[in-house]
Structures are given as C-alpha cells and as structure tokens.
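One structure below.
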Number of protein chains: 2
Amino acid sequence: MKAYLDCIPCFMQQALRAGRIATSDQKKIKQILDKTGEMVKSISMQDTPAEIGMHVYRIVRDVTGVNDPYKDIKKQHIKEANSIYAELEKWVEMSDDKLLTAIKIAIAGNVIDMGVNKSFNIIKDIKKTLHQDFGILDYEGFKKQLSKSKSILYIGDNAGESVFDKILIKALKKPVIYAVRSIPIINDVTMEDAIDSGLDKVSELLDSGSEAPGLILSQCSPKFLEIFNNAGLVISKGQGNYEGLSNCNRQVFFLLKAKCAVIAGDLNVQVGDLILKNYK
Amino acid sequence: MKAYLDCIPCFMQQALRAGRIATSDQKKIKQILDKTGEMVKSISMQDTPAEIGMHVYRIVRDVTGVNDPYKDIKKQHIKEANSIYAELEKWVEMSDDKLLTAIKIAIAGNVIDMGVNKSFNIIKDIKKTLHQDFGILDYEGFKKQLSKSKSILYIGDNAGESVFDKILIKALKKPVIYAVRSIPIINDVTMEDAIDSGLDKVSELLDSGSEAPGLILSQCSPKFLEIFNNAGLVISKGQGNYEGLSNCNRQVFFLLKAKCAVIAGDLNVQVGDLILKNYK
C-alpha cells in the first residue's frame, strides 16, 4: 500500500510519541520533530508508510542515541500476554471452532501496537475482540489453503501480540516459520522478543532482514525471500506488514485489526474491523 | 499560551485539512505539507499556537493561490446558525437565568471550528451543550464585572458562532464593541462575516488588526489596543483567542469549549468542558 497524504501528520505524531518514550529532554524531542518535518519533502507518495516510518524511527535513534526505546515496554507486554496465555489456550480448547477462536485471539493481540494506539487494556480488549464480527473473513479460503500447505510462513508484527501468535500457530497443526524484524523498530517483534514469547517452542524463527515497521521485500534476506516465494501459506500479521505486502506477487492471508482510517479505507472496511483477507 | 510539542503534529493535520478545502490537486497538497514540515524547525516554542498557525495558513494561501478557502463553508455556517436564531432567542426568553443561557448558547456556537473539528451537527451539539455542566464557571465574577462596566469588548472567534454571539451580546444589555480578524484565516469571523451574522445591528464592529487564528496583541491596531486596555469587560471567545491572550496584562473573561487536549491541559480541565474563566 502506498502512503496516503493522511500518513504525513501521523508520522509527526509517531515521532512525538517515540521521542517521548526515548527521552524526556524537550529540546531533543523538538529536534526529532524538526528533522521529521524536514524529511516530509523527501517523502515519495510511491513508498509504503512502513518504509517512511523506518526513517522516522531512525531520526529518533539518531537524535536520542537510544537504539531500542520500546525495550521495556515490549518486555512488559510480553509478560502481560504470557500471564494470560494459559487462559487463552483454555478458551480455544472449549470453543466449537478452535481454529477460528485462535485466529480471533491472534488478531486480538494486534491491539498491542505502540505505532497506532497510545493506551489499551489487554484483557478487556481481547474479550471485546472475541465477540466482534469480522469486516472481512475469508475463512473458507484460509482453511482450504491451510489443508493443502506443507509449509507455513507467519510474519510477526508486535511484541506481546507475538504470544497470541503462539496460540494460532499451535492451532494450525503444521510446521511454521515465524519471521521477525532484523532490528528493534517501534515495538515490533525481534528475534529476542520471539524467544521471550516462547515462539521458538512452536516454530522455526527467522530474521526477515526487514528493518522497517512492516515487511519491505526489497530489504529482505535471500533466505527469507526463498521461503516467502515457496511457502504453501503466508500469514501476515498487522497493519505494517499489510502496508509492505498488499501489492506483492503471491497469495497472502492478511490478519489484522484495521486501526487507522487510512488502512480501513484501503481495505474498504470500518476502523476497528477485524480482517482475515485472502489476497491473491 | 505558549505552543506545546503536541501542537506540531496538529499543525500538519490542519495544513492537510485546509489544503484539501482549498484544492483537490494532490501535488499542491503535498507541497503544503512539505512547506509546513520545513517550517517546523523555525517554530519557537515561545510563540503561541495561533501565531504559528498563521504561518501554516499562509502556506496554504501561497501554494494554492486561494485567499479564503473557507469562504463557502463560513457562509453556510452563518446561514445554518441564522436559521435557528429565532428558536435560540426563545430559549433565552423562556429560561430562568437568561444571561447564563445566553452564555451557554454562545459557547455552544464554538463547536463550529474548522481548525479543530472536522464534522459536527449544529443543532444536536447546541442542545447537548445546553445540558452540560461547566468545567470552570466564574459566573459571579462575570456578573459583577458586567454590572460595573460601561463598555464591553467582545473578541469574536468563528463565523457561524458569530450568530450565537449576537444572542449573548443582546443579553449583556450594555454597549458592545465586537472585534473581528483583519483577513480571512480558517473560518474565523471577519468584518464581512460579522455583518452577515447581523452583529452590526447589536454592536459596533472593529477590525482588530490580527491576521492570526487567535488574537495576537502585537499585531493589533492602536485603536484596538486602546479599546482593549480601557474596556470595563473583555470577553474572549474560543481557543485561538485564549492562546493569544491567556498571558496578557489585563482581566479577560474567556468563554470557550476546550476542544483539544493541549488547551484542556493548560486550563486543567477535561476535553469537551465548557469554560467561563475569569483571568486576572
């Protein structure tokens, strides 16, 4: 998905939010906004928001010298998600359609997104999501593709949400490769976060090579690209990965909550809608 | 009130909104965002948001060549407000405390603000406002100051809202000078809008000299400043005028709805609160 003009004020908002997490020095935060503002004229509307976002968070790193501002927040989110993991597994076990419940839980985990939401209540939001209808639900297509796939590539999104991905991966009952970001970027899941989330117990972990807050194929490693091109089923979590992959050359199932008006508009759904979209 | 860092993403949002009202040319809108972004580094956090906002709307004018993008919108708002004027006057007549009801109606008109709100329903919002409690209500102080004042300066805010100001001006039962912006800026009330609103029938109209979306004393004419300094009572409507006058050297009664988190924070109230504040 190419960037929309509406993304530009949002980049400024994200720069401010990330700046405040990285430092309390008001002059440095102003400097981050100055540099982000200066960058606007070099933004090409042909780029994806994830590619542009990468530069915003680079500015935050450069100005503050803080490489991973969201480190503590990520650890906290993983801890919180882990603390309710057993309960979530019970919900899946007790449900009539285990796979669909696991999909809903995996999307519910997508409320954990520091790039979009400032605040959320993890348990409350998950329970609400479980009772919510989908804006797009290509479930039959998903089950069909799953049944005939020998290998699954699962592209992770945020740390914390990653714990919920574990629920879905177990419900898939197939070998899964779980791809993570190459460097810390916002609160996106990295190799370390994936291990903290216990994903190494249920999948093979893979560094995608992407340094953006969304998967950018041109940044990915040859190994990732080979797996991406040959996997029977590709599951892409969250908005950032949707931005990067929504015009790619293969079938992808996008699993996300449409959290901003731009993404909702691009998908032709309402803000807040749950999405399981078969992109061919 | 000095600008807060939170105002900076808001300026980008305002630039986008005003750009879209002025033109449908996406390249020009991008150019507006480029120039607004470039301007960020020259923003002094010692300036008021109204002063900075002035530069944003200048960029919109310069890039699009459209001098008054909100012209049609303002005319429409005045027309809508005029269409319910008689009913509002009845509300005042029928109420136990006519002055307080007129104050509430004047604040209710403050929902008409293209700088902050994208959409609103005029009748619905007014009725809601009439039943709302105040976050700050220095009513006794206001009545006392009103009773001992021979001359009142009333600083207008938005076009459309200006029709509601007429209700309050009549309820004040004293000679009023109504100050307007010097040039079209967002949907702020100008001399032409004030006449369209019928304010010339109930007050003496005065061009303040200010070209910002909020009264900036350093821009004001000597005539305005003389009246400002000597008026028995000064009523300042809306957020923009609050930004410009909240650190001035005389008593002002601020009448507004706190529509953004920054203003609400500065006033120590909740977003959405109605305010009648005696600033000394």
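Residue numbering restarts at 1 for every chain of the structure tokens, chains are lettered A, B, ... in their displayed order, and ligands are numbered from 1 as they appear.
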
Find the residues near range 59-65 of chain A: any atom within 12 Å, counting only C-alpha atoms, skip ones fewer than 5 places away on the same chain, and give them as an mmCIF file with C-alpha atoms, in the first residue's frame.
data_model
loop_
_atom_site.group_PDB
_atom_site.id
_atom_site.type_symbol
_atom_site.label_atom_id
_atom_site.label_comp_id
_atom_site.auth_asym_id
_atom_site.auth_seq_id
_atom_site.Cartn_x
_atom_site.Cartn_y
_atom_site.Cartn_z
ATOM 1 C CA PHE A 11 4.376 10.401 11.111
ATOM 2 C CA MET A 12 4.758 13.622 13.099
ATOM 3 C CA GLN A 14 4.564 8.961 15.870
ATOM 4 C CA ALA A 15 7.830 10.937 16.010
ATOM 5 C CA LEU A 16 6.491 12.831 19.043
ATOM 6 C CA ARG A 17 5.292 9.679 20.789
ATOM 7 C CA ALA A 18 8.504 7.741 20.149
ATOM 8 C CA GLY A 19 10.612 10.764 21.083
ATOM 9 C CA ARG A 20 8.833 10.998 24.418
ATOM 10 C CA ILE A 21 9.414 7.314 25.089
ATOM 11 C CA ALA A 22 13.118 7.619 24.212
ATOM 12 C CA THR A 23 13.857 10.801 26.178
ATOM 13 C CA SER A 24 12.418 13.416 28.499
ATOM 14 C CA ASP A 25 14.674 16.111 27.002
ATOM 15 C CA GLN A 26 12.191 18.538 25.404
ATOM 16 C CA LYS A 27 14.857 20.077 23.165
ATOM 17 C CA LYS A 28 15.756 16.678 21.748
ATOM 18 C CA ILE A 29 12.075 15.897 21.138
ATOM 19 C CA LYS A 30 11.704 19.218 19.307
ATOM 20 C CA GLN A 31 14.806 18.306 17.270
ATOM 21 C CA ILE A 32 13.138 14.983 16.336
ATOM 22 C CA LEU A 33 10.071 16.894 15.142
ATOM 23 C CA ASP A 34 12.289 19.370 13.258
ATOM 24 C CA LYS A 35 14.075 16.565 11.415
ATOM 25 C CA THR A 36 10.858 14.653 10.753
ATOM 26 C CA GLY A 37 9.310 17.850 9.391
ATOM 27 C CA GLU A 38 12.334 18.445 7.192
ATOM 28 C CA MET A 39 12.047 14.883 5.891
ATOM 29 C CA ILE A 52 8.730 6.086 5.522
ATOM 30 C CA GLY A 53 8.115 5.144 9.155
ATOM 31 C CA MET A 54 11.532 3.473 9.202
ATOM 32 C CA TYR A 70 10.427 0.403 23.380
ATOM 33 C CA ILE A 183 16.414 -4.658 14.309
ATOM 34 C CA PRO A 184 14.324 -3.114 17.085
ATOM 35 C CA ILE A 185 11.748 -0.842 15.409
ATOM 36 C CA ILE A 186 8.877 0.578 17.472
#

Tell me which protein, DNA and RNA residues are within 10 Å of range 142-146 of chain B, counting only C-alpha atoms, leaving out same-chain ones fewer than 2 positions away, and put them as number ranges by chain.
B: 99-100, 137-140, 148-152, 172-174, 232-235, 251-253, 276-278

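Relative to CA of Asp266 in chain B, CA of Asn110 in chain B is found at 18.3 Å.
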
Exercise: Lys257 in chain B partners within 12 Å, only C-alpha atoms, chain neighbours under 2 positions left out, as JSON, numbers by chain
{"B": [103, 104, 105, 106, 107, 108, 109, 110, 111, 112, 113, 116, 117, 125, 126, 129, 132, 133, 134, 135, 136, 137, 157, 161, 236, 237, 238, 239, 240, 242, 254, 255, 259, 260, 261, 263, 264, 267, 269, 270, 271, 272, 273, 274, 275, 276, 277]}

Expected file: the selected residues, C-alpha atoms, as an mmCIF file, in the first residue's frame:
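To be explicit, this is the file written out as selection_25.cif:
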data_model
loop_
_atom_site.group_PDB
_atom_site.id
_atom_site.type_symbol
_atom_site.label_atom_id
_atom_site.label_comp_id
_atom_site.auth_asym_id
_atom_site.auth_seq_id
_atom_site.Cartn_x
_atom_site.Cartn_y
_atom_site.Cartn_z
ATOM 1 C CA ILE B 103 -23.572 32.363 27.700
ATOM 2 C CA LYS B 104 -24.166 28.656 27.114
ATOM 3 C CA ILE B 105 -25.549 29.307 23.640
ATOM 4 C CA ALA B 106 -22.533 31.475 22.804
ATOM 5 C CA ILE B 107 -20.208 28.669 23.900
ATOM 6 C CA ALA B 108 -22.311 26.116 22.068
ATOM 7 C CA GLY B 109 -21.669 28.079 18.885
ATOM 8 C CA ASN B 110 -17.992 27.424 19.493
ATOM 9 C CA VAL B 111 -18.500 23.845 18.209
ATOM 10 C CA ILE B 112 -18.208 25.482 14.770
ATOM 11 C CA ASP B 113 -14.448 25.313 14.432
ATOM 12 C CA VAL B 116 -10.249 21.620 15.400
ATOM 13 C CA ASN B 117 -13.334 19.657 14.421
ATOM 14 C CA ASP B 125 -24.363 19.852 19.528
ATOM 15 C CA ILE B 126 -26.064 23.007 20.820
ATOM 16 C CA THR B 129 -24.125 21.833 25.274
ATOM 17 C CA GLN B 132 -23.765 20.287 30.019
ATOM 18 C CA ASP B 133 -22.090 21.468 33.223
ATOM 19 C CA PHE B 134 -19.133 23.849 33.136
ATOM 20 C CA GLY B 135 -15.529 22.795 33.812
ATOM 21 C CA ILE B 136 -14.867 26.349 35.022
ATOM 22 C CA LEU B 137 -17.720 28.776 35.714
ATOM 23 C CA ASP B 157 -13.891 33.641 17.077
ATOM 24 C CA GLU B 161 -20.520 31.016 16.039
ATOM 25 C CA SER B 236 -12.659 36.474 24.570
ATOM 26 C CA LYS B 237 -14.303 33.670 22.608
ATOM 27 C CA GLY B 238 -12.726 30.368 21.644
ATOM 28 C CA GLN B 239 -9.399 28.569 21.791
ATOM 29 C CA GLY B 240 -7.427 30.758 19.370
ATOM 30 C CA TYR B 242 -7.311 32.073 24.582
ATOM 31 C CA PHE B 254 -12.501 33.520 28.455
ATOM 32 C CA LEU B 255 -15.555 31.824 27.022
ATOM 33 C CA LYS B 259 -11.706 21.129 22.269
ATOM 34 C CA CYS B 260 -8.167 19.774 22.259
ATOM 35 C CA ALA B 261 -6.030 18.035 24.872
ATOM 36 C CA ILE B 263 -5.913 23.600 25.746
ATOM 37 C CA ALA B 264 -7.736 21.348 28.220
ATOM 38 C CA LEU B 267 -6.758 25.048 31.679
ATOM 39 C CA VAL B 269 -9.990 20.699 32.644
ATOM 40 C CA GLN B 270 -11.270 17.787 30.556
ATOM 41 C CA VAL B 271 -11.538 17.856 26.756
ATOM 42 C CA GLY B 272 -15.099 18.938 25.918
ATOM 43 C CA ASP B 273 -15.538 21.056 29.060
ATOM 44 C CA LEU B 274 -17.322 24.408 28.862
ATOM 45 C CA ILE B 275 -15.344 27.291 30.280
ATOM 46 C CA LEU B 276 -16.160 30.744 31.598
ATOM 47 C CA LYS B 277 -12.882 31.740 33.152
#

Interatomic distance between CA of Asp96 in chain B and CA of Gly141 in chain B?
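Those two atoms sit 19.1 Å apart.
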
DSSP-assigned strand (DSSP E or B) members of range 73-196 of chain A, reported as JSON, numbers by chain:
{"A": [134, 135, 136, 137, 152, 153, 154, 155, 158, 176, 177, 178, 179, 180, 181, 188, 190]}

Identify all residues of range 32-278 of chain A in helix (DSSP H, G or I) (DSSP on the backbone) and supply them as a PyMOL selection string.
chain A and resi 32-42+49-64+71-83+85-94+98-111+122-130+139-147+161-172+191-196+199-201+217-219+222-230+238-245+261-267

Rounded to one decimal in Å, what is the spacing between CA of Gln219 in chain B and CA of Ala179 in chain B?
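Going from CA of Gln219 in chain B over to CA of Ala179 in chain B, I get 13.4 Å.
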
Tyr178 in chain B: which residues within 9 Å, counting only C-alpha atoms, same-chain residues fewer than 5 positions away excluded, as number ranges by chain?
B: 152-156, 194, 199-200, 203-207

At a cut-off of 8 Å, using only C-alpha atoms, what residues contact Ile78 in chain B? Leave out same-chain residues fewer than 3 positions from it and give the result as a ChimeraX atom specification.
/B:74-75,81-82,159-163,193,196-197

Dump of N, CA and C atoms for the selected residues, as a PDB file, in the first residue's frame:
ATOM      1  N   LYS B  74     -17.965  29.150   5.551  1.00  0.00           N
ATOM      2  CA  LYS B  74     -18.377  30.187   6.501  1.00  0.00           C
ATOM      3  C   LYS B  74     -19.799  30.673   6.188  1.00  0.00           C
ATOM      4  N   LYS B  75     -20.041  30.918   4.903  1.00  0.00           N
ATOM      5  CA  LYS B  75     -21.386  31.391   4.508  1.00  0.00           C
ATOM      6  C   LYS B  75     -22.452  30.369   4.910  1.00  0.00           C
ATOM      7  N   ALA B  81     -26.750  28.869  11.201  1.00  0.00           N
ATOM      8  CA  ALA B  81     -26.926  29.476  12.524  1.00  0.00           C
ATOM      9  C   ALA B  81     -28.085  30.469  12.494  1.00  0.00           C
ATOM     10  N   ASN B  82     -28.166  31.268  11.416  1.00  0.00           N
ATOM     11  CA  ASN B  82     -29.266  32.232  11.297  1.00  0.00           C
ATOM     12  C   ASN B  82     -30.627  31.533  11.279  1.00  0.00           C
ATOM     13  N   ALA B 159     -16.829  32.211  12.278  1.00  0.00           N
ATOM     14  CA  ALA B 159     -18.042  32.604  11.554  1.00  0.00           C
ATOM     15  C   ALA B 159     -19.083  31.514  11.767  1.00  0.00           C
ATOM     16  N   GLY B 160     -20.307  31.929  12.024  1.00  0.00           N
ATOM     17  CA  GLY B 160     -21.366  30.963  12.345  1.00  0.00           C
ATOM     18  C   GLY B 160     -21.587  31.044  13.845  1.00  0.00           C
ATOM     19  N   GLU B 161     -20.537  30.769  14.590  1.00  0.00           N
ATOM     20  CA  GLU B 161     -20.520  31.016  16.039  1.00  0.00           C
ATOM     21  C   GLU B 161     -20.901  32.479  16.299  1.00  0.00           C
ATOM     22  N   SER B 162     -20.521  33.326  15.382  1.00  0.00           N
ATOM     23  CA  SER B 162     -20.791  34.768  15.488  1.00  0.00           C
ATOM     24  C   SER B 162     -22.287  35.069  15.647  1.00  0.00           C
ATOM     25  N   VAL B 163     -23.135  34.240  15.037  1.00  0.00           N
ATOM     26  CA  VAL B 163     -24.583  34.430  15.171  1.00  0.00           C
ATOM     27  C   VAL B 163     -25.018  34.184  16.622  1.00  0.00           C
ATOM     28  N   ASP B 193     -18.211  38.662   7.558  1.00  0.00           N
ATOM     29  CA  ASP B 193     -18.965  37.602   8.261  1.00  0.00           C
ATOM     30  C   ASP B 193     -19.786  38.182   9.414  1.00  0.00           C
ATOM     31  N   ASP B 196     -22.808  39.706   7.942  1.00  0.00           N
ATOM     32  CA  ASP B 196     -23.716  38.608   7.538  1.00  0.00           C
ATOM     33  C   ASP B 196     -24.421  37.994   8.747  1.00  0.00           C
ATOM     34  N   SER B 197     -23.764  38.042   9.887  1.00  0.00           N
ATOM     35  CA  SER B 197     -24.322  37.449  11.113  1.00  0.00           C
ATOM     36  C   SER B 197     -25.263  38.417  11.831  1.00  0.00           C
TER      37      SER B 197
END
